[in-house]
Amino acid sequence: MPLPHSSDDDDAGDADGTELETTSEPVETGRRLIAVGHVRLGRWFLVFALVMGLWGGLDAVLLRTTLVTPTLDHWSADVYSSLFTTHGLTMLFLFAVPAIWGYAYATVPALIRAERTAFPALAATAFWLQIPAAILVRAGTIGSALDVAGLDPVAIGWTLYPPMSVASSNPAVDALVAGLLLVAISTSLTAANLVVTVCHRRTIPWSDVDTFTWTVVTSAAMAVVAFPVLAGSLALLLLERAAGVGLLVGRSGPMVWLNLFWFFAHPLVYILVLPPMGIASHVLPRFAGRRLFGRRSVVYSTFAIGILSFTVWGHHLFMAGMGVSVRAVFMFVTLAVAVPSSAKLCTWLGTLWGGAIQHTAPMIATIAAIAFFIVGGVTGVFLAVAPINVLYNGTYYVVAHFHMMLVGFVAFTLVAGAYYWFPLLTGRWYDPTLAHLHVWLTIVGIIVTFGALFVVGFAELPRRIATYPPAFAPIHQLATVGAYVIAVGQLVFLLNLGRSLWVGEHAGDDPWNLADEPSHAREW
Amino acid sequence: MTTSQPQPQSRSRSRPQPRPSPGGRFDPVRIVLLVTLVTSHGLIRIAERYFPEFLSALGYGPIVTGLLVSTGLGVTVVVTASATTGLNSGDEAETGDRNAETGSLPAQVIAVASVLFATLGLFVWTGAPTLDTLLGTPLSALGWLAVGVVLLQAWHSFGPVRTLWPIDTRIVGRKTRSTRTEADEFTPSGADRDHDARAGTVIGALGIGAGALIVTAAIAIVGGVKTGFSIVAATGASITLVAAITRGVVGDTDRLPLVGRTEAPSAARGRVPDSIASVRRAIAALSDRRRWTITGDALVRLALVGSTPYLVLLFVEEQPLSLSVGGRSLMPAALFGVFVLAEAGGALLGAIAAPWLVSAVDRRWLLALGLASVSLVPMALVAASSVAIVALLFAVLGCRTAIEPLRPTVGPTARPSHDVSPDADATALGLPPPEPLLTAVRVALVPAPFVGGLLYAIHPVAAFTVATTVSLLGVRELLRSFSFERGSN
């Protein structure tokens, strides 16, 4: 029997381990902030992610606006550089990662029939760490807006490559590094909590664990390994900036950073991709009228991706003076990731094949995400090939590829999850027409924006530069038009969210009629 | 992995779906559609206002501007005439009924297509200076701008909100009774035609005001017309694309009665356009007074259509004015957006005051004085030297909406009042002219911008002086039709 659910679940207590909240005694504010149920914590993560996503999205809109003209008519190159720095950092660390943890906290304990997470207080602490982290990461922007002397927007790129990151005299760089350190600590705590929760508080056998939970636990395990590497790297960078220890400067210093950073950052991509893959596998069968095709291969491919992702960082260094044999190894390992990814794709297509597909907003978003996954995946395979990588690594092709994956696939499955679990998270229904509008605006916007960037990428236009030859202006303008459309789409989502919270119809305990469905219905 | 086809589950029943919001004035989807369409209207119109200055920044003079604007008007006349010649009979109700019978699918397709053409048009404007370099075409920036002008005429001919204010400085596709717009439907009493027209003015003015604010901000921030125009056009392309998608997603559902039924061209296919002979017959059939009224109003409109495009050139290049606000200085190009904002404000005031004025003041006096005021504005603008006076004059120009219900040639939304008295003067002020004559007026408007451009090239004062002169001649014609006996109304 499914666990009871309503929007007030976490206030009631039993569904999400909020025994501390069930007391009738007034609790102190500090306890309220820590003693929180997992569904509510999930909501907090999601609201935080939404706010930061809007901020990072605003960076993107401004970034695209600066590229309307090929020359620097008004904005300086530093403004452009700071926008793409903060956009990347915000979207990756302050939007995508918290959003994934938000869904995980909201659903995974129920999916594995756990009353609560393993360390609820730790989980809440990890959440609260993100607030100062976000302030520190965005200190340059905030300081610049408030006209704080000496604080300028950070313009060293989201990869923080030395020597720029070491040489910059902007104190906002120190704040940024400290903020990312907090993010690393927060994420490590969250990930550890999720891994322990699934392993030790699960009351169902492993064989009954659903595909979304498998992706979450794999992703969390990867984060437990990867984020401490980031933390160590950042500590090293801080040390270098403060004391000049000489590890990240000189001839070999930048290579040390490159290896450390990408050993973390490429798995990060899969930490971000795996749970969305789980969402796709979770949502698709609901509206295709059939079971997930090849469930076992979905689980095994998740493991395969998780393990392989730690072996492919070298393809980011193809341009950094790598030997031919080492290049070949990284090339083939990177290409190997395509195999489990393709397996997942086959399971999705197999699930859709012959299904009674219902065109709900989560279903359309999932199908669109799969389409974007194919485009992003195929273009990624080309980047794994060393000679092609050498040609396109520094171009907009890479920008288009990873945005197709991160916006087209990751963000879109998060949208699918948002609509699918909307009744769980809010207790209310959304407006379906507005939801369709949001989804279609985002689909068209993504196609226009990143399609245009693929075009300039194929023409080998260098990325990360504020100016470009005038011949490319119309395509950049087209990309900007698409970005604006995406932005309007998100405003429609906000409208729908606000309206639904205000006057939306109550969804009930089992909004999708999943009570008598097999294992995947446990979150309701 | 098994290769066998998985069997559909037995429980593949439909999942419950979230129910759409109940319709109504504050239906969120309706509001989104309305906002995107009205913002599109504002951005398109404001881009058209700045278009001459953009051309100037690219090195093209007022004659080229006039040629392009006239080309746009000509395309609209031809397209709308060939698509809606069913109106030849002058029986709108009949035509509207026919159009209503053409089904919703073509109407939706036409609406979405017209908005998409506008998207393309604005995008072509954005990229016009460099499209040749990219595509290897020999069109030049001017050629691409002309392509953009032509594409944008789809918006003016068939766009869902084409009849929003201002309609006297453009040629727009006719709106039949069944061709209701989103703006009209948003009004509480959609059946009231006067109310509809006023709502169209108010919403149109709000859209233009929003566009004016956006363009002012854009130019003030980037510091140049060329970049500012590109940003506004790109924003316009984005918003129109959003509007097209919204219109497509919404469809013609019961939930959304606001979605206009754009008339299907197939309904009028095969009709011959108005011939010179039919125009002559229509003129001959008119009484002298009515003919004078129509001619007078047409001349005022001719002057406006011929001079309005050059206002931006006047205040950015010939008589540049600037304004300091809170320590920041607005450059002349940005300030022109403020002037357009003042015009939109005047239009709002005029629309609000119109019912009271029409009922409280002698209509003939109202029309004559109103048109005379509008006539004097072009010359006054040339003479004005302070920001406040120019803004005031623009506001006066916008206030012409107060007399719009009385003007016989101002497009399809000029409807007779319910209390039209049967005497000739009142009839002349209330009823729209016969369709052939209206078509003739539209055709006559086509070369006006080109002539205006020629005059402006000779000297800006010439263009605006001629505009005022022609307009005053129109007022003179109008006055011939009024007897002004004491006590008459």
# chains A, B, ... in the order shown; residues from 1 in each chain; ligands from 1

$ interface_residues --of "chain A" --to "chain B" --cutoff "6 Å" --atoms "only C-alpha atoms" --output "PyMOL selection string"
chain A and resi 74+289-290+429+431-432+471+474+481+484-485+512

$ write_last_selection --atoms "N, CA and C atoms" --output "PDB file, in the first residue's frame"
ATOM      1  N   HIS A  74      29.128  48.270 -26.310  1.00  0.00           N
ATOM      2  CA  HIS A  74      28.848  48.880 -25.019  1.00  0.00           C
ATOM      3  C   HIS A  74      29.557  48.136 -23.888  1.00  0.00           C
ATOM      4  N   GLY A 289       2.046   3.596 -21.108  1.00  0.00           N
ATOM      5  CA  GLY A 289       1.100   2.495 -20.905  1.00  0.00           C
ATOM      6  C   GLY A 289       1.767   1.135 -20.864  1.00  0.00           C
ATOM      7  N   ARG A 290       3.023   1.081 -20.486  1.00  0.00           N
ATOM      8  CA  ARG A 290       3.704  -0.215 -20.419  1.00  0.00           C
ATOM      9  C   ARG A 290       4.869  -0.137 -19.442  1.00  0.00           C
ATOM     10  N   TRP A 429      -2.492  20.425  -8.556  1.00  0.00           N
ATOM     11  CA  TRP A 429      -2.285  20.233  -9.978  1.00  0.00           C
ATOM     12  C   TRP A 429      -1.772  21.528 -10.594  1.00  0.00           C
ATOM     13  N   ASP A 431      -1.485  23.875 -14.207  1.00  0.00           N
ATOM     14  CA  ASP A 431      -2.339  24.140 -15.362  1.00  0.00           C
ATOM     15  C   ASP A 431      -1.715  23.459 -16.584  1.00  0.00           C
ATOM     16  N   PRO A 432      -2.416  22.520 -17.208  1.00  0.00           N
ATOM     17  CA  PRO A 432      -1.778  21.739 -18.280  1.00  0.00           C
ATOM     18  C   PRO A 432      -1.442  22.561 -19.526  1.00  0.00           C
ATOM     19  N   ALA A 471      30.407  38.289 -40.094  1.00  0.00           N
ATOM     20  CA  ALA A 471      29.655  37.314 -40.899  1.00  0.00           C
ATOM     21  C   ALA A 471      28.813  36.393 -40.021  1.00  0.00           C
ATOM     22  N   PRO A 474      24.345  37.181 -37.822  1.00  0.00           N
ATOM     23  CA  PRO A 474      22.959  36.684 -37.874  1.00  0.00           C
ATOM     24  C   PRO A 474      22.752  35.386 -37.093  1.00  0.00           C
ATOM     25  N   VAL A 481      17.891  35.095 -30.012  1.00  0.00           N
ATOM     26  CA  VAL A 481      16.424  35.005 -30.094  1.00  0.00           C
ATOM     27  C   VAL A 481      15.950  33.728 -29.392  1.00  0.00           C
ATOM     28  N   TYR A 484      16.156  34.065 -25.632  1.00  0.00           N
ATOM     29  CA  TYR A 484      15.047  34.865 -25.097  1.00  0.00           C
ATOM     30  C   TYR A 484      13.767  34.017 -25.015  1.00  0.00           C
ATOM     31  N   VAL A 485      13.562  33.185 -26.024  1.00  0.00           N
ATOM     32  CA  VAL A 485      12.356  32.336 -26.015  1.00  0.00           C
ATOM     33  C   VAL A 485      12.417  31.351 -24.844  1.00  0.00           C
ATOM     34  N   TRP A 512      -1.907  10.313 -10.112  1.00  0.00           N
ATOM     35  CA  TRP A 512      -1.753   9.661 -11.419  1.00  0.00           C
ATOM     36  C   TRP A 512      -2.363   8.254 -11.420  1.00  0.00           C
TER      37      TRP A 512
END

$ residues_around --residues "Ile352 (chain B)" --least-positions-apart "6" --cutoff "9 Å" --atoms "only C-alpha atoms" --output "PDB file with C-alpha atoms, in the first residue's frame"
ATOM      1  CA  ARG B 198     -11.627  51.832 -27.717  1.00  0.00           C
ATOM      2  CA  VAL B 202      -6.016  51.428 -25.156  1.00  0.00           C
ATOM      3  CA  THR B 401      -7.667  58.839 -30.723  1.00  0.00           C
ATOM      4  CA  ALA B 402     -10.349  61.009 -29.153  1.00  0.00           C
TER       5      ALA B 402
END

$ atom_distance --atom1 "CA of Arg251 (chain A)" --atom2 "CA of Leu236 (chain A)"
16.8 Å

$ select_by_dssp --residues "region 27-90 of chain A" --states "helix (DSSP H, G or I)" --output "NGL selection string"
:A and (29-34 or 38-66 or 77-90)

$ residues_around --residues "Val329 (chain A)" --least-positions-apart "3" --cutoff "12 Å" --atoms "only C-alpha atoms" --output "ChimeraX atom specification"
/A:311-315,318,322-326,332-336,384-386

$ select_by_dssp --residues "region 145-374 of chain B" --states "strand (DSSP E or B)" --output "PyMOL selection string"
chain B and resi 323-325+328-330

$ write_last_selection --atoms "N, CA and C atoms" --output "compact mmCIF listing (two decimals), in the first residue's frame"
# COMPACT_ATOMS: atom_id res chain seq x y z
N LEU B 323 18.11 64.78 -22.68
CA LEU B 323 17.43 64.98 -21.39
C LEU B 323 18.29 64.34 -20.30
N SER B 324 18.44 65.07 -19.21
CA SER B 324 19.17 64.50 -18.07
C SER B 324 18.17 64.06 -17.00
N VAL B 325 18.28 62.80 -16.64
CA VAL B 325 17.40 62.27 -15.59
C VAL B 325 18.27 61.64 -14.52
N ARG B 328 21.83 61.06 -15.25
CA ARG B 328 22.13 60.34 -16.49
C ARG B 328 21.50 61.06 -17.65
N SER B 329 22.24 61.16 -18.71
CA SER B 329 21.74 61.89 -19.88
C SER B 329 21.20 60.92 -20.92
N LEU B 330 19.99 61.22 -21.38
CA LEU B 330 19.40 60.40 -22.45
C LEU B 330 19.80 61.00 -23.78

$ closest_residue --among "B:Ala334, B:Leu472, B:Met379, B:Leu67" --to "Ala220 (chain B)" --atoms "only C-alpha atoms"
B:Ala334

$ residues_around --residues "Leu369 (chain B)" --least-positions-apart "6" --cutoff "10 Å" --atoms "only C-alpha atoms" --output "PyMOL selection string"
chain B and resi 363+375+403+475

$ write_last_selection --atoms "N, CA and C atoms" --output "PDB file, in the first residue's frame"
ATOM      1  N   ARG B 363     -20.076  67.206 -32.607  1.00  0.00           N
ATOM      2  CA  ARG B 363     -19.164  66.285 -33.280  1.00  0.00           C
ATOM      3  C   ARG B 363     -18.393  66.939 -34.417  1.00  0.00           C
ATOM      4  N   SER B 375      -3.141  68.574 -37.532  1.00  0.00           N
ATOM      5  CA  SER B 375      -2.501  69.143 -38.727  1.00  0.00           C
ATOM      6  C   SER B 375      -1.349  70.064 -38.359  1.00  0.00           C
ATOM      7  N   ILE B 403     -10.805  61.552 -31.467  1.00  0.00           N
ATOM      8  CA  ILE B 403     -11.717  61.806 -32.594  1.00  0.00           C
ATOM      9  C   ILE B 403     -11.778  60.624 -33.555  1.00  0.00           C
ATOM     10  N   VAL B 475      -8.582  69.646 -43.580  1.00  0.00           N
ATOM     11  CA  VAL B 475      -9.523  70.257 -42.633  1.00  0.00           C
ATOM     12  C   VAL B 475     -10.448  71.213 -43.371  1.00  0.00           C
TER      13      VAL B 475
END

$ closest_residue --among "B:Tyr456, B:Tyr50, B:Phe482, B:Trp155" --to "Gly306 (chain B)" --atoms "only C-alpha atoms"
B:Tyr456

$ residues_around --residues "Arg499 (chain A)" --least-positions-apart "2" --cutoff "12 Å" --atoms "only C-alpha atoms" --output "CSV table (one decimal) with N, CA and C atoms, in the first residue's frame"
chain,number,residue,atom,x,y,z
A,426,THR,N,3.8,19.8,-4.3
A,426,THR,CA,2.9,20.9,-3.9
A,426,THR,C,1.5,20.5,-3.4
A,428,ARG,N,-0.9,20.0,-5.3
A,428,ARG,CA,-1.8,20.6,-6.3
A,428,ARG,C,-1.5,20.2,-7.7
A,429,TRP,N,-2.5,20.4,-8.6
A,429,TRP,CA,-2.3,20.2,-10.0
A,429,TRP,C,-1.8,21.5,-10.6
A,430,TYR,N,-1.0,21.3,-11.6
A,430,TYR,CA,-0.6,22.5,-12.4
A,430,TYR,C,-1.6,22.7,-13.6
A,431,ASP,N,-1.5,23.9,-14.2
A,431,ASP,CA,-2.3,24.1,-15.4
A,431,ASP,C,-1.7,23.5,-16.6
A,432,PRO,N,-2.4,22.5,-17.2
A,432,PRO,CA,-1.8,21.7,-18.3
A,432,PRO,C,-1.4,22.6,-19.5
A,434,LEU,N,-0.7,25.8,-19.7
A,434,LEU,CA,0.6,26.5,-19.4
A,434,LEU,C,1.8,25.6,-19.4
A,435,ALA,N,1.6,24.4,-18.9
A,435,ALA,CA,2.7,23.5,-18.8
A,435,ALA,C,3.1,23.1,-20.3
A,492,VAL,N,6.8,31.5,-18.0
A,492,VAL,CA,5.5,30.8,-18.0
A,492,VAL,C,5.5,29.7,-16.9
A,493,PHE,N,6.6,29.1,-16.7
A,493,PHE,CA,6.7,28.1,-15.7
A,493,PHE,C,6.4,28.7,-14.3
A,494,LEU,N,7.1,29.8,-14.1
A,494,LEU,CA,6.9,30.5,-12.8
A,494,LEU,C,5.4,30.9,-12.6
A,495,LEU,N,4.8,31.4,-13.7
A,495,LEU,CA,3.4,31.8,-13.7
A,495,LEU,C,2.6,30.6,-13.3
A,496,ASN,N,2.8,29.5,-13.9
A,496,ASN,CA,2.1,28.3,-13.7
A,496,ASN,C,2.3,27.8,-12.2
A,497,LEU,N,3.5,27.9,-11.8
A,497,LEU,CA,3.8,27.5,-10.4
A,497,LEU,C,3.1,28.4,-9.4
A,501,LEU,N,0.0,27.1,-7.0
A,501,LEU,CA,0.2,27.2,-5.6
A,501,LEU,C,-1.0,28.0,-5.0
A,502,TRP,N,-1.4,29.0,-5.7
A,502,TRP,CA,-2.4,29.9,-5.2
A,502,TRP,C,-3.8,29.4,-5.4
A,503,VAL,N,-4.1,28.9,-6.6
A,503,VAL,CA,-5.5,28.5,-6.8
A,503,VAL,C,-5.6,27.1,-7.4
A,504,GLY,N,-4.5,26.4,-7.5
A,504,GLY,CA,-4.5,25.1,-8.2
A,504,GLY,C,-5.4,24.1,-7.5
A,505,GLU,N,-5.9,23.2,-8.3
A,505,GLU,CA,-6.8,22.2,-7.7
A,505,GLU,C,-6.0,21.2,-6.9
B,20,PRO,N,-7.6,21.8,-17.0
B,20,PRO,CA,-7.3,23.2,-17.3
B,20,PRO,C,-8.0,24.2,-16.4
B,21,SER,N,-7.4,25.3,-16.2
B,21,SER,CA,-8.0,26.4,-15.4
B,21,SER,C,-9.3,26.7,-16.1
B,26,PHE,N,-9.3,36.4,-16.5
B,26,PHE,CA,-8.0,36.2,-15.9
B,26,PHE,C,-7.4,34.8,-16.0
B,27,ASP,N,-7.9,34.2,-17.1
B,27,ASP,CA,-7.3,32.9,-17.4
B,27,ASP,C,-5.8,33.1,-17.7
B,28,PRO,N,-4.9,32.4,-17.1
B,28,PRO,CA,-3.5,32.7,-17.3
B,28,PRO,C,-3.0,32.5,-18.7
B,29,VAL,N,-3.6,31.5,-19.4
B,29,VAL,CA,-3.1,31.3,-20.7
B,29,VAL,C,-3.6,32.4,-21.6

$ residues_around --residues "Leu479 (chain B)" --least-positions-apart "4" --cutoff "9 Å" --atoms "only C-alpha atoms" --output "ChimeraX atom specification"
/B:292-293,296,364,368,474-475,483

$ closest_residue --among "A:Met404, A:Leu94, A:Leu230, A:Thr86" --to "Val375 (chain A)" --atoms "only C-alpha atoms"
A:Met404

$ atom_distance --atom1 "CA of His316 (chain A)" --atom2 "CA of Trp257 (chain A)"
12.1 Å
